[in-house]
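Student: protein-v9.tsv (TSV, C-alpha atoms) pasted underneath:
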chain	number	residue	atom	x	y	z
Y	1	MET	CA	-19.27	-79.53	43.62
Y	2	PRO	CA	-18.50	-75.88	42.76
Y	3	LEU	CA	-15.37	-74.95	40.83
Y	4	ARG	CA	-12.73	-73.16	42.87
Y	5	LEU	CA	-11.20	-70.21	41.05
Y	6	ASP	CA	-8.73	-69.08	43.71
Y	7	GLY	CA	-6.18	-71.78	42.85
Y	8	ALA	CA	-6.12	-73.18	46.38
Y	9	GLY	CA	-5.67	-76.94	46.35
Y	10	MET	CA	-5.76	-77.16	42.58
Y	11	ASP	CA	-4.24	-75.70	39.45
Y	12	ALA	CA	-5.81	-72.52	38.14
Y	13	ILE	CA	-8.52	-73.03	35.56
Y	14	ARG	CA	-7.53	-71.69	32.14
Y	15	VAL	CA	-10.02	-70.36	29.62
Y	16	ASP	CA	-8.28	-72.38	26.87
Y	17	ASP	CA	-8.77	-75.57	28.86
Y	18	LEU	CA	-12.47	-74.87	29.28
Y	19	ALA	CA	-12.86	-74.03	25.59
Y	20	GLN	CA	-11.10	-77.23	24.54
Y	21	THR	CA	-13.23	-79.27	26.94
Y	22	PHE	CA	-16.43	-77.91	25.44
Y	23	LEU	CA	-15.03	-78.28	21.92
Y	24	GLY	CA	-14.38	-81.95	22.65
Y	25	ARG	CA	-17.93	-82.37	23.91
Y	26	GLY	CA	-19.32	-80.58	20.86
Y	27	ASN	CA	-17.30	-82.79	18.53
Y	28	SER	CA	-18.45	-85.96	20.29
Y	29	ALA	CA	-22.09	-84.84	20.38
Y	30	LEU	CA	-22.14	-84.12	16.64
Y	31	GLY	CA	-20.44	-87.42	15.84
Y	32	GLU	CA	-22.82	-89.38	18.08
Y	33	HIS	CA	-25.85	-87.68	16.54
Y	34	LEU	CA	-24.79	-88.91	13.09
Y	35	ASN	CA	-23.40	-92.23	14.41
Y	36	GLY	CA	-19.78	-91.66	13.44
Y	37	HIS	CA	-16.45	-90.16	14.36
Y	38	CYS	CA	-16.12	-86.43	13.75
Y	39	ILE	CA	-13.26	-84.24	12.51
Y	40	ALA	CA	-13.29	-80.51	11.81
Y	41	VAL	CA	-11.01	-79.23	9.05
Y	42	PHE	CA	-10.74	-75.44	8.88
Y	43	SER	CA	-7.84	-74.90	6.50
Y	44	PRO	CA	-6.81	-74.19	2.93
Y	45	MET	CA	-6.04	-77.36	0.94
Y	46	THR	CA	-2.27	-76.83	1.10
Y	47	PHE	CA	0.55	-79.36	1.10
Y	48	GLY	CA	1.04	-80.82	4.56
Y	49	LEU	CA	-2.66	-80.79	5.40
Y	50	ASP	CA	-3.04	-84.31	4.01
Y	51	ALA	CA	-0.30	-85.67	6.29
Y	52	ALA	CA	-1.76	-83.84	9.30
Y	53	ILE	CA	-5.21	-85.30	8.63
Y	54	LYS	CA	-3.69	-88.77	8.25
Y	55	ASN	CA	-2.07	-88.45	11.69
Y	56	GLU	CA	-5.25	-87.18	13.34
Y	57	ILE	CA	-7.45	-89.88	11.79
Y	58	GLU	CA	-5.04	-92.59	12.89
Y	59	ASN	CA	-4.88	-91.06	16.38
Y	60	LEU	CA	-8.68	-90.91	16.51
Y	61	ASN	CA	-8.79	-94.67	16.06
Y	62	GLU	CA	-6.16	-95.36	18.75
Y	63	PRO	CA	-6.99	-95.96	22.45
Y	64	ASP	CA	-7.38	-92.86	24.65
Y	65	GLU	CA	-4.78	-91.89	27.23
Y	66	ASP	CA	-6.71	-93.81	29.88
Y	67	GLY	CA	-6.56	-96.93	27.71
Y	68	ARG	CA	-10.19	-96.86	26.59
Y	69	LYS	CA	-10.66	-98.00	23.02
Y	70	PRO	CA	-12.70	-95.71	20.75
Y	71	LYS	CA	-16.12	-96.81	19.64
Y	72	ARG	CA	-15.75	-98.54	16.28
Y	73	THR	CA	-17.64	-97.02	13.39
Y	74	ASP	CA	-17.47	-97.12	9.61
Y	75	LYS	CA	-18.66	-93.51	9.29
Y	76	LEU	CA	-16.74	-90.22	9.41
Y	77	VAL	CA	-18.37	-86.80	9.79
Y	78	VAL	CA	-16.24	-83.97	8.37
Y	79	VAL	CA	-17.04	-80.37	9.29
Y	80	LEU	CA	-15.33	-78.47	6.50
Y	81	GLU	CA	-14.43	-74.81	5.99
Y	82	THR	CA	-11.87	-73.98	3.33
Y	83	THR	CA	-10.94	-71.43	0.67
Y	84	GLY	CA	-9.65	-74.24	-1.56
Y	85	GLY	CA	-6.15	-75.03	-2.76
Y	86	PHE	CA	-4.38	-77.92	-4.43
Y	87	ILE	CA	-6.27	-80.81	-5.97
Y	88	GLU	CA	-3.38	-83.22	-5.24
Y	89	VAL	CA	-3.90	-82.56	-1.51
Y	90	VAL	CA	-7.62	-83.29	-1.83
Y	91	GLU	CA	-6.95	-86.59	-3.57
Y	92	ARG	CA	-4.66	-87.75	-0.77
Y	93	ILE	CA	-7.13	-86.64	1.92
Y	94	VAL	CA	-9.87	-88.70	0.28
Y	95	SER	CA	-7.58	-91.74	0.20
Y	96	VAL	CA	-7.02	-91.33	3.97
Y	97	PHE	CA	-10.71	-90.98	4.74
Y	98	ARG	CA	-11.64	-94.00	2.62
Y	99	ARG	CA	-8.84	-96.14	4.08
Y	100	HIS	CA	-10.41	-95.86	7.53
Y	101	TYR	CA	-14.13	-95.34	6.85
Y	102	LYS	CA	-16.69	-96.78	4.44
Y	103	ARG	CA	-18.96	-93.76	4.65
Y	104	VAL	CA	-17.94	-90.11	4.76
Y	105	VAL	CA	-20.34	-87.25	5.40
Y	106	PHE	CA	-19.46	-83.59	4.84
Y	107	ILE	CA	-21.06	-80.70	6.73
Y	108	ILE	CA	-20.54	-77.20	5.29
Y	109	PRO	CA	-21.77	-74.66	7.87
Y	110	ASN	CA	-20.16	-71.73	6.03
Y	111	TYR	CA	-18.13	-72.26	2.84
Y	112	ALA	CA	-15.97	-74.73	0.92
Y	113	TYR	CA	-14.52	-73.24	-2.25
Y	114	SER	CA	-12.73	-74.66	-5.25
Y	115	ALA	CA	-10.71	-77.75	-4.28
Y	116	GLY	CA	-12.83	-77.82	-1.11
Y	117	THR	CA	-15.89	-78.31	-3.31
Y	118	VAL	CA	-14.19	-81.27	-4.98
Y	119	LEU	CA	-13.47	-82.71	-1.52
Y	120	ALA	CA	-17.10	-82.32	-0.47
Y	121	LEU	CA	-18.24	-84.06	-3.67
Y	122	SER	CA	-16.27	-87.15	-2.59
Y	123	GLY	CA	-18.72	-87.70	0.26
Y	124	ASP	CA	-21.64	-90.10	0.56
Y	125	GLU	CA	-23.71	-87.18	1.83
Y	126	ILE	CA	-23.38	-83.40	1.94
Y	127	TYR	CA	-25.12	-81.26	4.58
Y	128	MET	CA	-25.60	-77.52	4.09
Y	129	ASN	CA	-28.15	-74.89	5.06
Y	130	TYR	CA	-29.47	-71.71	3.46
Y	131	TYR	CA	-26.27	-69.82	4.41
Y	132	SER	CA	-23.73	-72.43	3.24
Y	133	ILE	CA	-21.95	-72.19	-0.10
Y	134	LEU	CA	-19.71	-74.28	-2.31
Y	135	GLY	CA	-17.69	-72.80	-5.17
Y	136	PRO	CA	-16.71	-73.42	-8.79
Y	137	ILE	CA	-14.09	-76.11	-9.39
Y	138	ASP	CA	-11.03	-73.91	-9.77
Y	139	PRO	CA	-7.64	-75.12	-8.43
Y	140	GLN	CA	-5.32	-72.41	-7.13
Y	141	PHE	CA	-1.63	-71.89	-7.89
Y	142	PRO	CA	1.06	-69.98	-6.02
Y	143	THR	CA	2.66	-66.90	-7.59
Y	144	GLU	CA	6.27	-65.85	-7.13
Y	145	GLY	CA	5.11	-63.51	-4.40
Y	146	GLY	CA	3.57	-66.36	-2.44
Y	147	ARG	CA	-0.05	-65.49	-3.21
Y	148	SER	CA	-2.45	-68.08	-4.59
Y	149	VAL	CA	-4.30	-67.26	-7.79
Y	150	PRO	CA	-7.36	-68.99	-9.32
Y	151	GLY	CA	-6.28	-71.25	-12.17
Y	152	MET	CA	-9.30	-70.66	-14.39
Y	153	GLY	CA	-8.92	-66.90	-14.02
Y	154	TYR	CA	-5.31	-67.14	-15.15
Y	155	ILE	CA	-6.31	-69.11	-18.25
Y	156	ALA	CA	-9.32	-66.86	-18.96
Y	157	LYS	CA	-7.15	-63.72	-18.93
Y	158	TYR	CA	-4.62	-65.34	-21.26
Y	159	ASN	CA	-7.38	-66.33	-23.70
Y	160	GLU	CA	-8.89	-62.85	-23.50
Y	161	LEU	CA	-5.60	-61.26	-24.53
Y	162	ARG	CA	-5.22	-63.72	-27.39
Y	163	GLN	CA	-8.70	-62.86	-28.65
Y	164	ILE	CA	-7.91	-59.15	-28.51
Y	165	ILE	CA	-4.77	-59.65	-30.58
Y	166	ASN	CA	-6.60	-61.74	-33.16
Y	167	SER	CA	-9.45	-59.21	-33.47
Y	168	VAL	CA	-7.26	-56.13	-34.08
Y	169	PRO	CA	-8.04	-54.31	-37.39
Y	170	ASP	CA	-5.34	-54.52	-40.03
Y	171	ASP	CA	-4.46	-50.81	-39.76
Y	172	GLN	CA	-3.72	-51.16	-36.02
Y	173	VAL	CA	-1.92	-54.49	-36.07
Y	174	GLY	CA	1.59	-53.14	-35.57
Y	175	SER	CA	1.19	-51.09	-32.38
Y	176	VAL	CA	-1.55	-53.10	-30.65
Y	177	ARG	CA	-0.07	-56.52	-31.29
Y	178	ALA	CA	3.30	-55.36	-30.07
Y	179	GLU	CA	1.79	-54.14	-26.78
Y	180	MET	CA	-0.28	-57.30	-26.34
Y	181	SER	CA	2.64	-59.54	-27.13
Y	182	VAL	CA	4.53	-58.01	-24.23
Y	183	LEU	CA	1.60	-58.83	-21.93
Y	184	LEU	CA	1.31	-62.38	-23.23
Y	185	ARG	CA	5.00	-63.01	-22.57
Y	186	ASN	CA	4.24	-62.52	-18.87
Y	187	PHE	CA	2.19	-65.73	-18.94
Y	188	ASP	CA	4.17	-68.86	-18.17
Y	189	GLN	CA	3.32	-71.49	-20.80
Y	190	ALA	CA	4.35	-74.31	-18.47
Y	191	LYS	CA	2.06	-72.94	-15.77
Y	192	LEU	CA	-0.82	-72.64	-18.26
Y	193	PHE	CA	-0.39	-76.31	-19.12
Y	194	GLN	CA	-0.14	-77.28	-15.44
Y	195	ILE	CA	-3.31	-75.33	-14.60
Y	196	GLN	CA	-5.27	-76.93	-17.42
Y	197	GLN	CA	-4.12	-80.37	-16.31
Y	198	ALA	CA	-5.21	-79.65	-12.73
Y	199	ILE	CA	-8.63	-78.44	-13.88
Y	200	ASN	CA	-9.06	-81.58	-16.00
Y	201	HIS	CA	-7.89	-83.70	-13.07
Y	202	SER	CA	-10.43	-82.04	-10.76
Y	203	LYS	CA	-13.27	-82.76	-13.16
Y	204	GLU	CA	-12.12	-86.36	-13.59
Y	205	LEU	CA	-12.11	-86.87	-9.81
Y	206	VAL	CA	-15.65	-85.49	-9.52
Y	207	GLU	CA	-16.75	-87.79	-12.35
Y	208	GLU	CA	-15.14	-90.73	-10.54
Y	209	TRP	CA	-16.21	-89.99	-6.95
Y	210	LEU	CA	-19.86	-88.99	-7.43
Y	211	PRO	CA	-20.96	-92.34	-8.96
Y	212	LYS	CA	-18.71	-94.29	-6.59
Y	213	TYR	CA	-19.89	-92.67	-3.36
Y	214	LYS	CA	-22.73	-90.15	-3.42
Y	215	PHE	CA	-24.70	-91.78	-6.21
Y	216	ARG	CA	-24.15	-95.41	-5.22
Y	217	THR	CA	-27.48	-95.61	-3.34
Y	218	TRP	CA	-29.37	-93.70	-6.05
Y	219	ARG	CA	-31.80	-96.33	-7.30
Y	220	THR	CA	-34.69	-94.50	-8.96
Y	221	THR	CA	-35.40	-91.05	-10.41
Y	222	GLU	CA	-38.15	-88.79	-9.05
Y	223	SER	CA	-40.38	-90.11	-11.85
Y	224	GLY	CA	-39.75	-93.70	-10.73
Y	225	LYS	CA	-37.35	-94.63	-13.52
Y	226	LYS	CA	-34.62	-97.13	-12.61
Y	227	VAL	CA	-31.18	-95.51	-12.40
Y	228	THR	CA	-28.44	-97.24	-14.41
Y	229	PRO	CA	-24.66	-97.00	-13.93
Y	230	GLN	CA	-24.49	-94.96	-17.14
Y	231	MET	CA	-27.03	-92.48	-15.75
Y	232	ARG	CA	-24.88	-92.01	-12.68
Y	233	LYS	CA	-21.83	-91.36	-14.86
Y	234	ASP	CA	-23.69	-88.94	-17.12
Y	235	CYS	CA	-25.02	-87.00	-14.13
Y	236	ALA	CA	-21.54	-86.77	-12.60
Y	237	ARG	CA	-20.10	-85.60	-15.92
Y	238	ARG	CA	-22.74	-82.87	-16.21
Y	239	ILE	CA	-22.12	-81.64	-12.64
Y	240	ALA	CA	-18.34	-81.55	-13.19
Y	241	ALA	CA	-18.78	-79.63	-16.45
Y	242	VAL	CA	-21.07	-76.98	-14.91
Y	243	LEU	CA	-19.01	-76.47	-11.76
Y	244	GLY	CA	-15.85	-76.29	-13.88
Y	245	ASP	CA	-17.22	-73.68	-16.31
Y	246	ALA	CA	-15.35	-70.44	-15.56
Y	247	GLU	CA	-17.43	-68.37	-17.97
Y	248	HIS	CA	-20.65	-69.45	-16.25
Y	249	TRP	CA	-19.54	-68.52	-12.73
Y	250	HIS	CA	-17.37	-65.49	-13.66
Y	251	SER	CA	-15.49	-65.57	-10.35
Y	252	HIS	CA	-13.39	-67.98	-8.29
Y	253	GLY	CA	-15.08	-66.64	-5.15
Y	254	ARG	CA	-18.64	-67.01	-6.46
Y	255	GLY	CA	-20.74	-68.79	-3.86
Y	256	ILE	CA	-23.07	-71.58	-5.00
Y	257	SER	CA	-25.93	-72.04	-2.55
Y	258	MET	CA	-27.78	-75.19	-1.61
Y	259	ALA	CA	-30.80	-73.95	-3.58
Y	260	GLU	CA	-28.72	-73.35	-6.70
Y	261	LEU	CA	-27.04	-76.74	-6.42
Y	262	SER	CA	-30.43	-78.44	-6.44
Y	263	LYS	CA	-31.67	-76.69	-9.60
Y	264	PRO	CA	-31.86	-78.81	-12.79
Y	265	LYS	CA	-28.72	-77.24	-14.31
Y	266	ILE	CA	-26.60	-78.87	-11.58
Y	267	GLY	CA	-29.06	-81.29	-10.00
Y	268	LEU	CA	-27.04	-82.15	-6.88
Y	269	LYS	CA	-29.06	-83.39	-3.92
Y	270	VAL	CA	-27.93	-81.82	-0.64
Y	271	ASN	CA	-29.29	-82.42	2.87
Y	272	ASP	CA	-30.46	-79.33	4.77
Y	273	PHE	CA	-29.18	-79.64	8.34
Y	274	GLY	CA	-31.32	-76.61	9.22
Y	275	THR	CA	-34.48	-78.73	9.02
Y	276	ASP	CA	-33.28	-81.02	11.82
Y	277	ALA	CA	-33.47	-78.98	15.03
Y	278	MET	CA	-31.08	-81.17	17.02
Y	279	LEU	CA	-28.54	-81.51	14.22
Y	280	ASN	CA	-28.74	-77.77	13.55
Y	281	MET	CA	-28.02	-77.08	17.20
Y	282	HIS	CA	-25.00	-79.41	17.26
Y	283	VAL	CA	-23.54	-77.98	14.04
Y	284	THR	CA	-24.15	-74.34	14.98
Y	285	HIS	CA	-22.71	-74.63	18.48
Y	286	TYR	CA	-19.65	-76.65	17.44
Y	287	HIS	CA	-18.84	-74.55	14.37
Y	288	GLY	CA	-19.34	-71.29	16.26
Y	289	LEU	CA	-17.19	-72.31	19.22
Y	290	PHE	CA	-14.37	-73.64	17.04
Y	291	SER	CA	-14.42	-70.51	14.86
Y	292	ASP	CA	-14.30	-68.25	17.93
Y	293	PHE	CA	-11.52	-70.31	19.51
Y	294	MET	CA	-9.39	-70.13	16.36
Y	295	GLN	CA	-9.90	-66.38	16.12
Y	296	SER	CA	-9.01	-65.76	19.77
Y	297	ALA	CA	-5.92	-67.98	19.43
Y	298	HIS	CA	-4.94	-66.26	16.15
Y	299	MET	CA	-5.12	-69.54	14.24
Y	300	LYS	CA	-5.45	-69.38	10.48
Y	301	ALA	CA	-5.78	-73.14	10.00
Y	302	ALA	CA	-6.51	-76.03	12.35
Y	303	ILE	CA	-7.89	-79.56	12.66
Y	304	HIS	CA	-10.00	-80.72	15.60
Y	305	THR	CA	-11.14	-84.13	16.81
Y	306	ARG	CA	-12.65	-85.17	20.14
Y	307	LYS	CA	-9.08	-85.78	21.30
Y	308	ARG	CA	-7.26	-82.57	20.45
Y	309	ILE	CA	-6.74	-79.46	18.38
Y	310	ARG	CA	-3.91	-79.43	15.86
Y	311	ARG	CA	-2.75	-75.98	14.86
Y	312	LEU	CA	-1.55	-75.74	11.25
Y	313	ALA	CA	-1.01	-71.99	10.86
Could you take the file, read its structure, and then write that structure out as structure tokens?

Tutor:
Amino acid sequence: MPLRLDGAGMDAIRVDDLAQTFLGRGNSALGEHLNGHCIAVFSPMTFGLDAAIKNEIENLNEPDEDGRKPKRTDKLVVVLETTGGFIEVVERIVSVFRRHYKRVVFIIPNYAYSAGTVLALSGDEIYMNYYSILGPIDPQFPTEGGRSVPGMGYIAKYNELRQIINSVPDDQVGSVRAEMSVLLRNFDQAKLFQIQQAINHSKELVEEWLPKYKFRTWRTTESGKKVTPQMRKDCARRIAAVLGDAEHWHSHGRGISMAELSKPKIGLKVNDFGTDAMLNMHVTHYHGLFSDFMQSAHMKAAIHTRKRIRRLA
């Protein structure tokens, strides 16, 4: 039966309604392909996101408006795109996911930086392709002007100034140290401590989550050697140390590709969704449509499930 566009005998069809219908279908198709529920999170890891995700996950497991109960599953598929944010938010999001699902899979079609990388490392599986990137573990902090700044960059600049002061020749100590001391006073010592604690916390979470989730089915090495619990812990500790090394990555916004993640220095196994034609089609279509919809609706942050879109900013 053809659609009537003249409005006679029915309400006018809205472009937003059509987009949301196809978004719902795309979400369901991706979830069904991987045998789980699906949620898209396109947002910085800011306070309030954790509560919004909690509400949407709980709603996803409630009956539909027509009374139909959702298909039960112990698996959640998370399509993630984020610039990063606060590690405390990530920790609460993981607690929500794990309260409702035994297995959590992350798909990164584009990017997941900083705290978003930590979130992805809490998954049982991570899917990327040649274009996808994660980022160094580098929690962000708000400035007085409302901007967010990379924590490791803040600490690195402070340490750089300290080194300059300590390396000044004796005959230049007076003038140079006086100028540098003024610059150092602009650094908040309490914030420096808070940043360092957040970085340490991020690494500790990676060291906890990798063995508990992603590595729990890792039984043997490529050489056939049996994997022990201590090997899982050591591998997680190495990955956390490399991803949390500011001097190695040089930049908060440095992208770490799937190929680089798999190299021996990091040694993180990632699934390439580009090698599965059907999965690649589902991810590409869903991610592209949701990205376009957010842009046309002037959304800066949103969550989507098969039931609805929740605008965050």

Student: Have a look at Y:Trp218, Y:Tyr158, Y:Trp209, Y:Phe97 and name the one nearest to Y:Phe193; count all atoms listed in the file.

Tutor: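 Looking at the shortest contact to Y:Phe193, the residue is Y:Tyr158.
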
Student: What is the atom CA of Y:Pro264-atom CA of Y:Lys226 distance in Å, reported with one decimal?

Tutor: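 A separation of 18.5 Å between them.
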
Student: In the coordinates of the file, take the point (-18.1, -68.8, 2.3) and a cut-off of 6 Å; then, counting only C-alpha atoms, name each qualifying protein, DNA or RNA residue as a CSV table (one decimal) with C-alpha atoms, in the coordinates of the input.

Tutor:
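Output contents, as saved in point_9.csv:
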chain,number,residue,atom,x,y,z
Y,110,ASN,CA,-20.2,-71.7,6.0
Y,111,TYR,CA,-18.1,-72.3,2.8
Y,133,ILE,CA,-22.0,-72.2,-0.1

Student: With a distance cut-off of 6 Å and all atoms listed in the file, select the neighbouring residues of Y:Leu134, excluding the residue or stretch itself and same-chain residues fewer than 4 positions from it, and output the selection as a ChimeraX atom specification.

Tutor: /Y:111-113,117,255-256

Student: Tell me, as an MDAnalysis selection string, which residues lie within 12 Å of Y:Gln197, counting all atoms listed in the file; anything in the same chain fewer than 2 positions away does not count.

Tutor: chainID Y and resid 87:88 138:139 151:152 155 190:195 199:204

Student: Using the selection just defined, write its residues with C-alpha atoms as a PDB file, keeping the file's coordinate frame.

Tutor:
ATOM      1  CA  ILE Y  87      -6.270 -80.810  -5.970  1.00  0.00           C
ATOM      2  CA  GLU Y  88      -3.380 -83.220  -5.240  1.00  0.00           C
ATOM      3  CA  ASP Y 138     -11.030 -73.910  -9.770  1.00  0.00           C
ATOM      4  CA  PRO Y 139      -7.640 -75.120  -8.430  1.00  0.00           C
ATOM      5  CA  GLY Y 151      -6.280 -71.250 -12.170  1.00  0.00           C
ATOM      6  CA  MET Y 152      -9.300 -70.660 -14.390  1.00  0.00           C
ATOM      7  CA  ILE Y 155      -6.310 -69.110 -18.250  1.00  0.00           C
ATOM      8  CA  ALA Y 190       4.350 -74.310 -18.470  1.00  0.00           C
ATOM      9  CA  LYS Y 191       2.060 -72.940 -15.770  1.00  0.00           C
ATOM     10  CA  LEU Y 192      -0.820 -72.640 -18.260  1.00  0.00           C
ATOM     11  CA  PHE Y 193      -0.390 -76.310 -19.120  1.00  0.00           C
ATOM     12  CA  GLN Y 194      -0.140 -77.280 -15.440  1.00  0.00           C
ATOM     13  CA  ILE Y 195      -3.310 -75.330 -14.600  1.00  0.00           C
ATOM     14  CA  ILE Y 199      -8.630 -78.440 -13.880  1.00  0.00           C
ATOM     15  CA  ASN Y 200      -9.060 -81.580 -16.000  1.00  0.00           C
ATOM     16  CA  HIS Y 201      -7.890 -83.700 -13.070  1.00  0.00           C
ATOM     17  CA  SER Y 202     -10.430 -82.040 -10.760  1.00  0.00           C
ATOM     18  CA  LYS Y 203     -13.270 -82.760 -13.160  1.00  0.00           C
ATOM     19  CA  GLU Y 204     -12.120 -86.360 -13.590  1.00  0.00           C
TER      20      GLU Y 204
END

Student: List every protein, DNA or RNA residue that has at least one atom no more than 12 Å from (-22.2, -73.2, 0.5) in the file's coordinates, counting all atoms listed in the file, and write the result as a VMD selection string.

Tutor: chain Y and resid 80 to 83 106 to 114 116 to 117 120 126 to 136 253 to 262 270 to 272

Student: Pick the closest to Y:Asp50 from Y:Leu76, Y:Val96, Y:Met281, Y:Ala297: which is it, counting only C-alpha atoms?

Tutor: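 Nearest to Y:Asp50: Y:Val96.
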
Student: Give me the residues within 7 Å of Y:Val77 as number ranges by chain, counting all atoms listed in the file and dropping any in the same chain fewer than 3 places off.

Tutor: Y: 31, 36-39, 104-106

Student: Using all atoms listed in the file, which of Y:Lys269, Y:Lys54, Y:Arg219, Y:Arg99 sits nearest Y:Glu125?

Tutor: Y:Lys269

Student: At what distance in Å, to one decimal, does atom CA of Y:Val94 lie from atom CA of Y:Glu62?

Tutor: 20.0 Å

Student: Could you check the closest approach to Y:Ala156 for each of Y:Asn55, Y:Asp245, Y:Val41, Y:Lys225 and tell me which residue wins, using only C-alpha atoms?

Tutor: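 Nearest to Y:Ala156: Y:Asp245.
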
Student: Identify which of the residues Y:Pro63, Y:Lys71, Y:Gln163, Y:Ala198 lies closest to Y:Ala115, counting all atoms listed in the file when measuring atom-to-atom distances.

Tutor: Y:Ala198

Student: Would you mind telling me which residue in Y:Asp66, Y:His248, Y:Glu207, Y:His287 lies nearest to Y:Lys233 when using only C-alpha atoms?

Tutor: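 Of Y:Asp66, Y:His248, Y:Glu207, Y:His287, the one nearest Y:Lys233, counting only C-alpha atoms, is Y:Glu207.
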
Student: To one decimal in Å, tell me the separation between atom CA of Y:Gly48 and atom CA of Y:Gly67.

Tutor: 29.2 Å

Student: Please, can stretch 30-50 of chain Y be completed to N, CA and C atoms and returned as a short mmCIF file (atom, residue, chain, number, x, y, z; two decimals), keeping the file's coordinate frame?

Tutor:
data_model
loop_
_atom_site.label_atom_id
_atom_site.label_comp_id
_atom_site.auth_asym_id
_atom_site.auth_seq_id
_atom_site.Cartn_x
_atom_site.Cartn_y
_atom_site.Cartn_z
N LEU Y 30 -21.80 -84.14 18.06
CA LEU Y 30 -22.14 -84.12 16.64
C LEU Y 30 -21.89 -85.49 16.01
N GLY Y 31 -20.74 -86.09 16.37
CA GLY Y 31 -20.44 -87.42 15.84
C GLY Y 31 -21.47 -88.45 16.28
N GLU Y 32 -21.85 -88.41 17.56
CA GLU Y 32 -22.82 -89.38 18.08
C GLU Y 32 -24.19 -89.20 17.43
N HIS Y 33 -24.56 -87.94 17.16
CA HIS Y 33 -25.85 -87.68 16.54
C HIS Y 33 -25.95 -88.32 15.16
N LEU Y 34 -24.82 -88.33 14.44
CA LEU Y 34 -24.79 -88.91 13.09
C LEU Y 34 -24.15 -90.30 13.07
N ASN Y 35 -23.92 -90.85 14.27
CA ASN Y 35 -23.40 -92.23 14.41
C ASN Y 35 -22.05 -92.43 13.74
N GLY Y 36 -21.12 -91.52 14.00
CA GLY Y 36 -19.78 -91.66 13.44
C GLY Y 36 -18.75 -90.89 14.23
N HIS Y 37 -17.50 -91.02 13.83
CA HIS Y 37 -16.45 -90.16 14.36
C HIS Y 37 -16.55 -88.81 13.67
N CYS Y 38 -16.00 -87.79 14.30
CA CYS Y 38 -16.12 -86.43 13.75
C CYS Y 38 -14.75 -85.75 13.72
N ILE Y 39 -14.46 -85.05 12.63
CA ILE Y 39 -13.26 -84.24 12.51
C ILE Y 39 -13.63 -82.92 11.87
N ALA Y 40 -13.09 -81.83 12.40
CA ALA Y 40 -13.29 -80.51 11.81
C ALA Y 40 -12.02 -80.10 11.09
N VAL Y 41 -12.15 -79.67 9.85
CA VAL Y 41 -11.01 -79.23 9.05
C VAL Y 41 -11.29 -77.80 8.61
N PHE Y 42 -10.61 -76.85 9.24
CA PHE Y 42 -10.74 -75.44 8.88
C PHE Y 42 -9.38 -75.00 8.35
N SER Y 43 -9.17 -75.15 7.06
CA SER Y 43 -7.84 -74.90 6.50
C SER Y 43 -7.89 -74.84 4.99
N PRO Y 44 -7.00 -74.07 4.38
CA PRO Y 44 -6.81 -74.19 2.93
C PRO Y 44 -6.28 -75.59 2.60
N MET Y 45 -6.52 -76.04 1.38
CA MET Y 45 -6.04 -77.36 0.94
C MET Y 45 -4.60 -77.24 0.46
N THR Y 46 -3.68 -77.03 1.42
CA THR Y 46 -2.27 -76.83 1.10
C THR Y 46 -1.47 -78.08 1.46
N PHE Y 47 -0.30 -78.19 0.86
CA PHE Y 47 0.55 -79.36 1.10
C PHE Y 47 0.94 -79.43 2.58
N GLY Y 48 0.82 -80.60 3.13
CA GLY Y 48 1.04 -80.82 4.56
C GLY Y 48 -0.25 -81.08 5.29
N LEU Y 49 -1.37 -80.54 4.78
CA LEU Y 49 -2.66 -80.79 5.40
C LEU Y 49 -3.02 -82.27 5.32
N ASP Y 50 -2.72 -82.90 4.18
CA ASP Y 50 -3.04 -84.31 4.01
C ASP Y 50 -2.34 -85.18 5.04
#
